[in-house]
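Structure below is structure-v2.txt: compact mmCIF, C-alpha atoms and all ligand atoms.
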```txt
# COMPACT_ATOMS: atom_id res chain seq x y z
CA MET A 1 -48.85 -5.67 -11.89
CA LYS A 2 -45.82 -6.77 -13.81
CA LYS A 3 -42.75 -7.36 -11.67
CA PRO A 4 -40.34 -4.42 -12.05
CA VAL A 5 -37.11 -5.05 -13.94
CA TYR A 6 -34.13 -4.84 -11.61
CA LEU A 7 -31.36 -2.74 -13.16
CA ASP A 8 -29.57 -1.76 -9.96
CA TYR A 9 -26.99 -4.53 -9.54
CA ALA A 10 -24.35 -1.96 -8.60
CA ALA A 11 -26.38 -1.11 -5.48
CA THR A 12 -26.72 -4.72 -4.46
CA THR A 13 -27.24 -8.15 -5.99
CA PRO A 14 -29.65 -10.89 -4.98
CA VAL A 15 -28.05 -13.83 -3.22
CA ASP A 16 -27.34 -16.68 -5.63
CA PRO A 17 -29.70 -19.54 -4.65
CA ALA A 18 -26.70 -21.89 -4.40
CA VAL A 19 -25.21 -19.46 -1.86
CA ALA A 20 -28.41 -19.32 0.21
CA GLU A 21 -28.58 -23.11 0.19
CA GLU A 22 -25.06 -23.27 1.60
CA MET A 23 -25.68 -20.60 4.25
CA ILE A 24 -28.65 -22.33 5.84
CA LYS A 25 -26.37 -25.24 6.80
CA TYR A 26 -24.55 -23.01 9.26
CA LEU A 27 -27.46 -21.71 11.34
CA THR A 28 -29.82 -24.33 12.69
CA PRO A 29 -29.49 -26.83 15.59
CA ASP A 30 -28.78 -29.67 13.16
CA GLY A 31 -26.26 -27.54 11.28
CA VAL A 32 -22.79 -26.15 11.98
CA PHE A 33 -23.86 -23.37 14.37
CA GLY A 34 -20.88 -23.41 16.75
CA ASN A 35 -18.68 -20.43 17.50
CA PRO A 36 -15.64 -20.64 15.20
CA ALA A 37 -13.53 -19.39 18.12
CA SER A 38 -14.61 -22.26 20.42
CA ARG A 39 -11.52 -24.41 20.76
CA SER A 40 -12.80 -27.04 23.16
CA HIS A 41 -15.30 -28.99 21.05
CA GLY A 42 -16.25 -30.15 17.59
CA PHE A 43 -19.02 -27.58 17.14
CA GLY A 44 -16.37 -24.89 17.18
CA TRP A 45 -13.83 -26.83 15.12
CA GLN A 46 -16.36 -27.49 12.35
CA ALA A 47 -17.36 -23.85 12.21
CA GLU A 48 -13.71 -22.82 12.14
CA ALA A 49 -13.03 -25.22 9.26
CA ALA A 50 -15.93 -23.69 7.32
CA VAL A 51 -14.63 -20.17 7.95
CA GLU A 52 -11.14 -21.16 6.81
CA ALA A 53 -12.46 -22.82 3.65
CA ALA A 54 -14.33 -19.62 2.81
CA ARG A 55 -11.21 -17.59 3.54
CA GLY A 56 -9.47 -19.68 0.89
CA GLN A 57 -12.29 -19.07 -1.61
CA VAL A 58 -12.19 -15.30 -1.14
CA ALA A 59 -8.38 -15.26 -1.26
CA SER A 60 -8.42 -17.34 -4.44
CA LEU A 61 -10.53 -14.85 -6.42
CA ILE A 62 -7.95 -12.09 -5.82
CA HIS A 63 -4.92 -14.41 -5.89
CA ALA A 64 -4.03 -13.75 -2.27
CA ASP A 65 -2.86 -16.00 0.56
CA PRO A 66 -5.79 -16.98 2.82
CA ARG A 67 -3.84 -15.57 5.79
CA GLU A 68 -4.11 -12.15 4.16
CA ILE A 69 -7.93 -12.06 4.43
CA VAL A 70 -9.58 -10.30 7.40
CA TRP A 71 -13.35 -10.70 7.75
CA THR A 72 -15.40 -7.56 8.24
CA SER A 73 -19.06 -6.52 8.03
CA GLY A 74 -18.68 -5.18 4.47
CA ALA A 75 -16.62 -2.96 2.24
CA THR A 76 -17.56 0.13 4.28
CA GLU A 77 -15.91 -1.34 7.35
CA SER A 78 -12.99 -2.62 5.28
CA ASP A 79 -12.37 0.88 3.89
CA ASN A 80 -12.54 2.35 7.40
CA LEU A 81 -10.19 -0.29 8.80
CA ALA A 82 -7.70 0.09 5.97
CA ILE A 83 -7.55 3.88 6.01
CA LYS A 84 -7.85 4.60 9.73
CA GLY A 85 -5.75 1.56 10.54
CA ALA A 86 -2.91 2.77 8.33
CA VAL A 87 -3.06 6.44 9.28
CA ILE A 88 -4.24 7.00 12.85
CA GLY A 89 -1.37 7.55 15.25
CA ARG A 90 1.08 8.65 12.57
CA GLU A 91 2.49 12.08 13.03
CA LYS A 92 2.13 14.52 10.16
CA ALA A 93 0.37 12.05 7.92
CA HIS A 94 -0.62 12.82 4.33
CA VAL A 95 -3.14 10.81 2.34
CA VAL A 96 -3.89 10.88 -1.39
CA THR A 97 -7.33 9.89 -2.66
CA SER A 98 -9.81 11.05 -5.29
CA ALA A 99 -12.96 13.16 -5.27
CA ILE A 100 -15.10 10.33 -6.69
CA GLU A 101 -14.35 7.53 -4.24
CA HIS A 102 -17.19 5.71 -2.49
CA LYS A 103 -18.54 7.55 0.58
CA ALA A 104 -16.87 4.94 2.78
CA VAL A 105 -13.53 6.37 1.63
CA VAL A 106 -14.55 10.02 1.18
CA ASP A 107 -16.17 10.35 4.61
CA THR A 108 -13.33 8.49 6.34
CA CYS A 109 -10.74 10.78 4.76
CA GLN A 110 -12.80 13.88 5.60
CA TRP A 111 -13.02 12.71 9.21
CA LEU A 112 -9.24 12.25 9.26
CA GLU A 113 -8.89 15.83 7.99
CA THR A 114 -10.75 17.04 11.08
CA ARG A 115 -8.08 15.22 13.10
CA GLY A 116 -5.18 16.99 11.44
CA VAL A 117 -4.38 14.56 8.64
CA GLU A 118 -3.69 16.27 5.31
CA VAL A 119 -5.59 14.86 2.36
CA THR A 120 -5.05 15.54 -1.35
CA TRP A 121 -8.26 15.08 -3.34
CA LEU A 122 -7.35 14.19 -6.91
CA GLU A 123 -9.75 15.19 -9.67
CA PRO A 124 -10.26 12.47 -12.26
CA GLY A 125 -10.68 13.18 -15.96
CA SER A 126 -14.14 13.49 -17.50
CA ASP A 127 -13.96 9.73 -18.08
CA GLY A 128 -13.80 9.07 -14.33
CA VAL A 129 -10.23 7.77 -14.50
CA VAL A 130 -7.42 9.02 -12.24
CA LEU A 131 -4.11 9.06 -14.12
CA PRO A 132 -1.03 7.49 -12.49
CA GLU A 133 0.96 10.73 -13.01
CA GLN A 134 -1.62 12.66 -10.99
CA VAL A 135 -1.03 10.29 -8.09
CA PHE A 136 2.76 10.48 -8.30
CA GLU A 137 2.74 14.28 -8.50
CA ALA A 138 0.67 14.45 -5.31
CA LEU A 139 3.12 12.37 -3.27
CA ARG A 140 5.06 14.04 -0.46
CA PRO A 141 7.74 12.75 1.88
CA GLU A 142 5.06 12.34 4.58
CA THR A 143 2.52 10.53 2.35
CA VAL A 144 1.57 7.33 4.18
CA LEU A 145 -1.34 6.11 2.10
CA VAL A 146 -2.95 6.32 -1.32
CA SER A 147 -6.57 5.14 -1.51
CA LEU A 148 -8.22 4.68 -4.90
CA MET A 149 -11.00 2.49 -6.18
CA LEU A 150 -10.53 -0.14 -8.87
CA VAL A 151 -14.01 0.26 -10.38
CA ASN A 152 -16.20 3.31 -9.76
CA ASN A 153 -19.65 2.34 -8.52
CA GLU A 154 -21.53 5.10 -10.35
CA LEU A 155 -19.66 5.14 -13.66
CA GLY A 156 -18.10 1.69 -14.00
CA SER A 157 -14.81 3.36 -14.95
CA VAL A 158 -11.61 1.44 -14.17
CA ASN A 159 -8.38 2.91 -12.80
CA ASP A 160 -4.94 1.64 -13.85
CA ILE A 161 -4.20 0.27 -10.40
CA ALA A 162 -1.22 -1.85 -11.57
CA ALA A 163 0.71 1.15 -12.88
CA ILE A 164 0.01 3.15 -9.73
CA GLY A 165 0.75 0.24 -7.40
CA LYS A 166 4.11 -0.59 -8.90
CA GLU A 167 5.42 2.94 -8.39
CA LEU A 168 3.97 3.25 -4.87
CA ARG A 169 5.62 -0.02 -3.85
CA ASP A 170 8.97 1.32 -5.07
CA ARG A 171 8.42 4.50 -3.10
CA GLY A 172 7.27 2.71 0.06
CA VAL A 173 3.80 4.28 0.16
CA LEU A 174 0.89 2.09 1.29
CA PHE A 175 -1.79 1.50 -1.33
CA HIS A 176 -5.41 0.78 -0.43
CA VAL A 177 -7.84 -0.18 -3.20
CA ASP A 178 -11.61 -0.41 -2.88
CA ALA A 179 -12.45 -3.35 -5.12
CA ALA A 180 -16.08 -3.83 -4.09
CA GLN A 181 -17.27 -3.30 -7.68
CA ALA A 182 -14.36 -5.14 -9.27
CA ALA A 183 -14.28 -8.54 -7.61
CA GLY A 184 -16.12 -11.06 -9.74
CA LYS A 185 -16.37 -8.58 -12.61
CA LEU A 186 -12.71 -8.30 -13.68
CA PRO A 187 -9.68 -10.49 -13.08
CA VAL A 188 -8.11 -9.19 -9.86
CA ASP A 189 -4.61 -10.22 -8.78
CA VAL A 190 -3.25 -8.43 -5.73
CA THR A 191 0.34 -9.23 -6.69
CA GLU A 192 0.00 -7.95 -10.25
CA LEU A 193 -1.72 -4.84 -8.91
CA SER A 194 0.90 -4.29 -6.16
CA VAL A 195 -1.73 -3.32 -3.62
CA ASP A 196 -1.28 -3.53 0.15
CA LEU A 197 -4.90 -3.33 1.28
CA MET A 198 -8.06 -4.19 -0.64
CA ALA A 199 -11.71 -3.83 0.39
CA LEU A 200 -14.25 -6.46 -0.71
CA SER A 201 -17.98 -6.86 -0.16
CA GLY A 202 -20.21 -9.95 -0.20
CA HIS A 203 -23.42 -8.43 -1.51
CA LYS A 204 -22.05 -6.96 -4.73
CA VAL A 205 -21.08 -10.46 -5.87
CA TYR A 206 -24.30 -12.45 -5.21
CA GLY A 207 -23.36 -13.09 -1.59
CA PRO A 208 -25.19 -11.87 1.51
CA LYS A 209 -25.25 -8.31 2.84
CA GLY A 210 -23.40 -7.59 6.07
CA VAL A 211 -20.16 -9.40 5.32
CA GLY A 212 -16.97 -8.29 3.62
CA ALA A 213 -13.24 -8.66 3.80
CA LEU A 214 -10.07 -6.66 3.89
CA TYR A 215 -7.01 -8.01 2.16
CA VAL A 216 -3.90 -7.11 4.19
CA ARG A 217 -0.59 -7.91 2.51
CA ARG A 218 1.85 -10.12 4.44
CA SER A 219 4.95 -9.78 2.29
CA PRO A 220 6.18 -7.11 2.58
CA ASP A 221 4.31 -7.06 5.85
CA VAL A 222 1.59 -4.40 6.24
CA ARG A 223 0.64 -3.31 9.76
CA ILE A 224 -2.68 -1.67 10.53
CA GLU A 225 -4.20 -0.67 13.85
CA ALA A 226 -7.42 -2.45 14.81
CA GLN A 227 -10.49 -0.22 14.90
CA ILE A 228 -12.71 -2.70 16.75
CA HIS A 229 -11.27 -4.21 19.92
CA GLY A 230 -12.52 -7.29 21.70
CA GLY A 231 -11.49 -10.91 21.68
CA GLY A 232 -8.52 -10.44 19.36
CA HIS A 233 -10.12 -12.28 16.46
CA GLU A 234 -8.64 -12.05 12.96
CA ARG A 235 -5.08 -11.81 14.30
CA GLY A 236 -6.07 -8.84 16.40
CA MET A 237 -7.11 -6.73 13.43
CA ARG A 238 -10.87 -7.10 13.82
CA SER A 239 -12.51 -8.49 16.92
CA GLY A 240 -16.00 -9.96 17.07
CA THR A 241 -17.50 -13.44 16.76
CA LEU A 242 -17.31 -14.47 13.14
CA PRO A 243 -20.72 -14.86 11.41
CA THR A 244 -20.13 -18.34 10.00
CA HIS A 245 -23.18 -18.39 7.72
CA GLN A 246 -22.35 -14.98 6.23
CA ILE A 247 -18.73 -15.92 5.69
CA VAL A 248 -19.60 -19.26 4.12
CA GLY A 249 -22.02 -17.38 1.86
CA MET A 250 -19.39 -14.90 0.76
CA GLY A 251 -16.92 -17.71 0.15
CA LYS A 252 -19.38 -19.65 -1.99
CA ALA A 253 -20.34 -16.49 -3.89
CA PHE A 254 -16.69 -15.70 -4.63
CA ALA A 255 -16.03 -19.28 -5.76
CA ILE A 256 -19.00 -19.09 -8.16
CA ALA A 257 -17.77 -15.72 -9.42
CA GLN A 258 -14.32 -17.15 -10.06
CA ASN A 259 -15.69 -20.11 -12.01
CA ASN A 260 -17.89 -17.87 -14.16
CA LEU A 261 -15.69 -14.81 -14.52
CA ASP A 262 -15.21 -14.91 -18.31
CA ASP A 263 -18.69 -16.16 -19.21
CA GLU A 264 -20.34 -13.62 -17.00
CA ALA A 265 -18.29 -10.73 -18.38
CA ARG A 266 -19.32 -11.81 -21.89
CA LEU A 267 -22.98 -12.02 -20.88
CA LEU A 268 -22.94 -8.54 -19.32
CA GLU A 269 -21.12 -7.10 -22.33
CA SER A 270 -23.80 -8.47 -24.65
CA LEU A 271 -26.59 -7.13 -22.43
CA ARG A 272 -24.91 -3.72 -22.43
CA ALA A 273 -24.67 -3.73 -26.22
CA LEU A 274 -28.33 -4.73 -26.49
CA PHE A 275 -29.32 -1.97 -24.11
CA LEU A 276 -27.40 0.75 -25.95
CA GLN A 277 -28.68 -0.54 -29.26
CA GLY A 278 -32.23 -0.28 -27.93
CA LEU A 279 -31.60 3.38 -27.12
CA SER A 280 -29.85 4.19 -30.39
CA GLY A 281 -32.97 5.80 -31.88
CA LEU A 282 -32.89 8.40 -29.11
CA SER A 283 -30.85 11.55 -29.70
CA GLY A 284 -29.22 13.58 -26.95
CA VAL A 285 -27.99 10.66 -24.86
CA THR A 286 -24.51 10.99 -23.34
CA LEU A 287 -22.46 8.23 -21.75
CA ASN A 288 -20.93 9.38 -18.46
CA GLY A 289 -17.62 7.71 -17.67
CA SER A 290 -15.13 5.90 -19.81
CA GLU A 291 -15.91 4.11 -23.06
CA ALA A 292 -12.46 2.50 -23.13
CA SER A 293 -11.69 1.63 -19.51
CA ARG A 294 -14.82 0.25 -17.89
CA VAL A 295 -16.72 -2.78 -16.62
CA PRO A 296 -19.64 -3.99 -18.73
CA GLY A 297 -22.28 -4.05 -16.01
CA ILE A 298 -22.68 -0.32 -15.30
CA VAL A 299 -24.01 2.23 -17.79
CA ASN A 300 -24.45 5.83 -16.67
CA LEU A 301 -26.39 7.98 -19.12
CA SER A 302 -27.52 11.61 -19.28
CA PHE A 303 -30.64 12.46 -21.29
CA ASP A 304 -30.70 15.97 -22.74
CA GLY A 305 -33.64 18.04 -21.59
CA VAL A 306 -34.93 15.39 -19.19
CA ASP A 307 -34.71 15.54 -15.43
CA ALA A 308 -33.64 12.19 -13.97
CA GLU A 309 -36.21 12.34 -11.16
CA SER A 310 -39.06 12.82 -13.65
CA LEU A 311 -37.62 10.09 -15.84
CA MET A 312 -37.46 7.68 -12.91
CA LEU A 313 -41.08 8.47 -12.03
CA GLY A 314 -42.01 7.65 -15.62
CA LEU A 315 -40.02 4.41 -15.54
CA ARG A 316 -42.22 2.84 -12.89
CA ASN A 317 -41.41 -0.71 -13.92
CA LEU A 318 -37.65 -0.23 -13.86
CA ALA A 319 -35.53 -0.27 -10.71
CA VAL A 320 -32.67 2.10 -11.51
CA SER A 321 -30.61 4.62 -9.60
CA SER A 322 -29.94 8.32 -9.92
CA GLY A 323 -26.68 9.19 -8.27
CA SER A 324 -25.54 6.28 -6.10
CA ALA A 325 -27.88 4.45 -3.76
CA CYS A 326 -26.10 5.86 -0.74
CA ALA A 327 -26.67 9.46 -1.89
CA SER A 328 -30.23 9.07 -3.10
CA ALA A 329 -31.83 10.07 0.21
CA THR A 330 -30.70 13.60 -0.62
CA ILE A 331 -31.50 15.54 -3.79
CA GLU A 332 -27.97 16.89 -4.06
CA PRO A 333 -26.54 16.15 -7.50
CA SER A 334 -24.18 13.17 -7.42
CA TYR A 335 -20.74 14.26 -6.17
CA VAL A 336 -19.25 11.66 -8.50
CA LEU A 337 -20.82 13.26 -11.59
CA ARG A 338 -19.86 16.71 -10.30
CA GLY A 339 -16.39 15.28 -9.69
CA ILE A 340 -15.93 14.40 -13.37
CA GLY A 341 -16.88 17.93 -14.38
CA LEU A 342 -20.61 17.72 -15.03
CA SER A 343 -22.68 20.81 -14.19
CA ASP A 344 -25.46 20.43 -11.60
CA GLU A 345 -27.92 20.45 -14.47
CA GLN A 346 -26.11 17.69 -16.38
CA ALA A 347 -25.78 15.63 -13.21
CA HIS A 348 -29.52 15.95 -12.58
CA ARG A 349 -30.13 14.37 -16.01
CA ALA A 350 -28.19 11.19 -15.31
CA LEU A 351 -29.35 7.70 -14.45
CA ARG A 352 -27.29 4.62 -13.64
CA PHE A 353 -28.38 1.32 -15.15
CA SER A 354 -26.57 -1.76 -13.88
CA VAL A 355 -27.13 -5.30 -15.08
CA GLY A 356 -26.13 -8.64 -13.61
CA ARG A 357 -26.34 -12.42 -13.52
CA TYR A 358 -30.13 -12.63 -13.66
CA THR A 359 -30.80 -9.91 -16.24
CA THR A 360 -32.40 -11.30 -19.42
CA PRO A 361 -32.36 -9.96 -22.99
CA ASP A 362 -36.15 -9.61 -22.73
CA GLU A 363 -35.81 -7.38 -19.70
CA ILE A 364 -33.27 -5.26 -21.54
CA ALA A 365 -35.56 -4.94 -24.56
CA PHE A 366 -38.44 -3.95 -22.27
CA ALA A 367 -36.25 -1.44 -20.39
CA SER A 368 -34.84 0.29 -23.45
CA ALA A 369 -38.27 0.53 -25.09
CA GLN A 370 -39.67 2.07 -21.89
CA ILE A 371 -36.84 4.59 -21.73
CA VAL A 372 -37.27 5.62 -25.37
CA ASP A 373 -40.99 6.02 -24.79
CA VAL A 374 -40.77 8.04 -21.56
CA VAL A 375 -37.88 10.26 -22.69
CA THR A 376 -39.73 11.04 -25.93
CA ARG A 377 -42.91 11.92 -24.02
CA LEU A 378 -41.08 14.08 -21.46
CA ARG A 379 -39.28 15.96 -24.21
CA ALA A 380 -42.58 16.54 -26.06
CA VAL A 381 -44.28 18.24 -23.11
CA ARG A 382 -41.25 20.37 -22.25
C1 LIG B 1 -21.08 -1.01 -2.15
C2 LIG B 1 -19.75 -0.39 -2.09
C3 LIG B 1 -19.12 -0.17 -0.86
C4 LIG B 1 -19.78 -0.48 0.45
O1 LIG B 1 -19.89 -1.87 0.65
P1 LIG B 1 -20.81 -2.44 1.82
O2 LIG B 1 -20.44 -3.87 1.85
O3 LIG B 1 -22.21 -2.18 1.39
O4 LIG B 1 -20.45 -1.72 3.07
C5 LIG B 1 -17.87 0.40 -0.87
N1 LIG B 1 -17.26 0.73 -2.01
C6 LIG B 1 -17.83 0.53 -3.21
C7 LIG B 1 -17.09 0.90 -4.44
C8 LIG B 1 -19.09 -0.03 -3.29
O5 LIG B 1 -19.66 -0.21 -4.48
```
Once more with this new file: its structure as structure tokens, please.
Amino acid sequence: MKKPVYLDYAATTPVDPAVAEEMIKYLTPDGVFGNPASRSHGFGWQAEAAVEAARGQVASLIHADPREIVWTSGATESDNLAIKGAVIGREKAHVVTSAIEHKAVVDTCQWLETRGVEVTWLEPGSDGVVLPEQVFEALRPETVLVSLMLVNNELGSVNDIAAIGKELRDRGVLFHVDAAQAAGKLPVDVTELSVDLMALSGHKVYGPKGVGALYVRRSPDVRIEAQIHGGGHERGMRSGTLPTHQIVGMGKAFAIAQNNLDDEARLLESLRALFLQGLSGLSGVTLNGSEASRVPGIVNLSFDGVDAESLMLGLRNLAVSSGSACASATIEPSYVLRGIGLSDEQAHRALRFSVGRYTTPDEIAFASAQIVDVVTRLRAVR
């Protein structure tokens, strides 16, 4: 059987072979396997040096100081650490977020609500974008944190984080940004964006799964409470022995992303155009999300009169996603699509296609031809 075409890069990416090659050097007896926290011998010092080099690589992609990077197990943990760390223990805390954040933010904020924290859930426009004015109008004297994503993982829509951040800095409100889908896809500069906390993931950027980072601003100094206690690693913010190989992998992946940022964006833009062109013969196709403010790699489409589950069954040789990967164990319509105003029925007709570094024009041609074919057949038997 022909190998399926992978069009689910927003769920995860394969590890770049150059990253895997680097990682293996930090595991085996002849490699740098020491504990980076071991201070008494060279095995530890070498591992620590590797961790610090990677910290510099991750910091560099977002124009941060390496001392502002805290290693975590992924963007889920980073979101938890940022939000709980900024809010827990504050009296009468108020948080502003949106209804279409990643579950790592939504579920964390809902949990805080059960603990007495007040949360304002902003509703984005039909394009998936939250307007700066909506954020400012929601602010209260007791607002301690605003949490918004840079790029939405289901729609690819992009928020104007810089405009929001500037105002929040002036008002002294902490700003957390989930940038898991933005790093390596768009230029990201934490100073230009005026963010205080930023969640990053390794495996969305051709690094390994199970490693991420939280950017924590140093100037003006941001203080967050640790959520995992232990040996006081990461300046007390996140204890646990650092996984050297994972960290080195994420560092390498971020360095590659930085070197290829413009070329890769151009490649993905051309693949997107090719894909949409391939579907242009099909009527009744709606783009969900923003046409103007978006990343090139994610295309979310609804097909009139066609149920996404049936369509996916028909597209056996395409790996795509209905709703987000995290929600696909349930058959609930995507809360993100509902959150931008789609009816249950419209949401059930949507599929997310996401392309990446290893997608070829041939694969795109194959995918769009398959989609045209299956949608046409499904509509005929309706
Ligand atoms: C994938 C993703 C996460 C979760 O990242 P993990 O590293 O898998 O925990 C969080 N937010 C967004 C926007 C994502 O796309």
Distance limit 9 Å, reference ligand LIG 1 (chain B), atoms considered: all atoms listed in the file. Which residues make the cut? Give them as JSON, numbers by chain. {"A": [10, 11, 12, 72, 73, 74, 75, 76, 77, 78, 79, 101, 102, 103, 104, 105, 149, 150, 151, 152, 153, 154, 178, 179, 180, 181, 182, 199, 200, 201, 202, 203, 204, 209, 210, 211, 212, 213, 324, 325, 326]}
I need the residues from that last selection saved to file as a short mmCIF file (atom, residue, chain, number, x, y, z; two decimals), in the coordinates of the input (with C-alpha atoms), if you can.
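This went into result.cif:
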```cif
data_model
loop_
_atom_site.label_atom_id
_atom_site.label_comp_id
_atom_site.auth_asym_id
_atom_site.auth_seq_id
_atom_site.Cartn_x
_atom_site.Cartn_y
_atom_site.Cartn_z
CA ALA A 10 -24.35 -1.96 -8.60
CA ALA A 11 -26.38 -1.11 -5.48
CA THR A 12 -26.72 -4.72 -4.46
CA THR A 72 -15.40 -7.56 8.24
CA SER A 73 -19.06 -6.52 8.03
CA GLY A 74 -18.68 -5.18 4.47
CA ALA A 75 -16.62 -2.96 2.24
CA THR A 76 -17.56 0.13 4.28
CA GLU A 77 -15.91 -1.34 7.35
CA SER A 78 -12.99 -2.62 5.28
CA ASP A 79 -12.37 0.88 3.89
CA GLU A 101 -14.35 7.53 -4.24
CA HIS A 102 -17.19 5.71 -2.49
CA LYS A 103 -18.54 7.55 0.58
CA ALA A 104 -16.87 4.94 2.78
CA VAL A 105 -13.53 6.37 1.63
CA MET A 149 -11.00 2.49 -6.18
CA LEU A 150 -10.53 -0.14 -8.87
CA VAL A 151 -14.01 0.26 -10.38
CA ASN A 152 -16.20 3.31 -9.76
CA ASN A 153 -19.65 2.34 -8.52
CA GLU A 154 -21.53 5.10 -10.35
CA ASP A 178 -11.61 -0.41 -2.88
CA ALA A 179 -12.45 -3.35 -5.12
CA ALA A 180 -16.08 -3.83 -4.09
CA GLN A 181 -17.27 -3.30 -7.68
CA ALA A 182 -14.36 -5.14 -9.27
CA ALA A 199 -11.71 -3.83 0.39
CA LEU A 200 -14.25 -6.46 -0.71
CA SER A 201 -17.98 -6.86 -0.16
CA GLY A 202 -20.21 -9.95 -0.20
CA HIS A 203 -23.42 -8.43 -1.51
CA LYS A 204 -22.05 -6.96 -4.73
CA LYS A 209 -25.25 -8.31 2.84
CA GLY A 210 -23.40 -7.59 6.07
CA VAL A 211 -20.16 -9.40 5.32
CA GLY A 212 -16.97 -8.29 3.62
CA ALA A 213 -13.24 -8.66 3.80
CA SER A 324 -25.54 6.28 -6.10
CA ALA A 325 -27.88 4.45 -3.76
CA CYS A 326 -26.10 5.86 -0.74
#
```
Tell me which of A:Val19, A:Ala226, A:Val106, A:Ala163 sits closest to A:Ile88, counting all atoms listed in the file.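 Residue with the minimum atom-to-atom distance to A:Ile88: A:Ala226.
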Would you pick out the contacts of A:Gly314 at 12 Å or less, using all atoms listed in the file, so that residues sharing its chain but fewer than 6 positions from it are not included, and give the list as a ChimeraX atom specification? /A:306-308,320,367,370-378
Here atom CA of A:Phe353 and atom CA of A:Ser368 stand apart by 10.6 Å
Hey, which bits of stretch 137-251 of chain A sit within 9 Å of stretch 258-262 of chain A, and for each residue what's the closest pair of atoms and how far apart in Å (one decimal), counting all atoms listed in the file, rows by chain and increasing number, as JSON lines?
```
{"residue": "A:Ala183", "atom": "CA", "partner": "A:Gln258", "partner_atom": "CA", "distance": 9.0}
{"residue": "A:Gly184", "atom": "CA", "partner": "A:Leu261", "partner_atom": "CA", "distance": 6.1}
{"residue": "A:Lys185", "atom": "CA", "partner": "A:Leu261", "partner_atom": "CA", "distance": 6.6}
{"residue": "A:Leu186", "atom": "CA", "partner": "A:Leu261", "partner_atom": "CA", "distance": 7.2}
{"residue": "A:Pro187", "atom": "CA", "partner": "A:Leu261", "partner_atom": "CA", "distance": 7.5}
```
Counting only C-alpha atoms, figure out which residue out of A:Pro124, A:Trp71, A:Thr28, A:Arg338 gets nearest to A:Glu52.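 Using only C-alpha atoms, A:Glu52 sits closest to A:Trp71.
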Which residues of stretch 92-200 of chain A have any atom within 12 Å of an atom in stretch 218-221 of chain A when counting only C-alpha atoms, and what is the closest pair of atoms for each, with the distance in Å to one decimal? Order the rows by chain and rising number and write it as a tab-separated table.
```
residue	atom	partner	partner_atom	distance
A:Arg169	CA	A:Pro220	CA	9.6
A:Asp170	CA	A:Pro220	CA	11.7
A:Gly172	CA	A:Pro220	CA	10.2
A:Val173	CA	A:Pro220	CA	11.9
A:Leu174	CA	A:Pro220	CA	10.7
A:Val190	CA	A:Arg218	CA	11.5
A:Thr191	CA	A:Ser219	CA	10.1
A:Ser194	CA	A:Pro220	CA	10.6
A:Val195	CA	A:Pro220	CA	10.7
A:Asp196	CA	A:Arg218	CA	8.5
A:Leu197	CA	A:Arg218	CA	10.1
```
Using only C-alpha atoms, which residues sit within 12 Å of A:Arg352 once same-chain residues fewer than 2 positions away are excluded, as a ChimeraX atom specification? /A:6-11,152-156,286-289,297-303,308,311-312,318-325,328,334,336-337,347-350,354-355
Between atom CA of A:Glu91 and atom CA of A:Ser147 - distance in Å to one decimal: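 These two atoms are separated by 18.5 Å.
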I'd like the interatomic distance between atom CA of A:Glu332 and atom CA of A:Ala99, to a tenth of an Å.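 If I compute the distance from atom CA of A:Glu332 to atom CA of A:Ala99, I get 15.5 Å.
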For A:Glu192, which residue among A:Ile62, A:Ala37, A:Val51, A:Leu122 is the nearest when counting only C-alpha atoms? A:Ile62
Could you list, as a VMD selection string, every residue within 9 Å of stretch 129-145 of chain A, counting all atoms listed in the file and ignoring same-chain residues fewer than 2 positions away? chain A and resid 83 86 to 87 90 to 98 118 120 122 to 127 147 to 148 152 157 to 161 163 to 164 167 to 168 172 to 176 289 to 290 293 340
May I ask which of the residues A:Ser270, A:Asn317, A:Ser239, A:Gln346 is the closest one to A:Val285, counting all atoms listed in the file?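 Closest to A:Val285, using all atoms listed in the file: A:Gln346.
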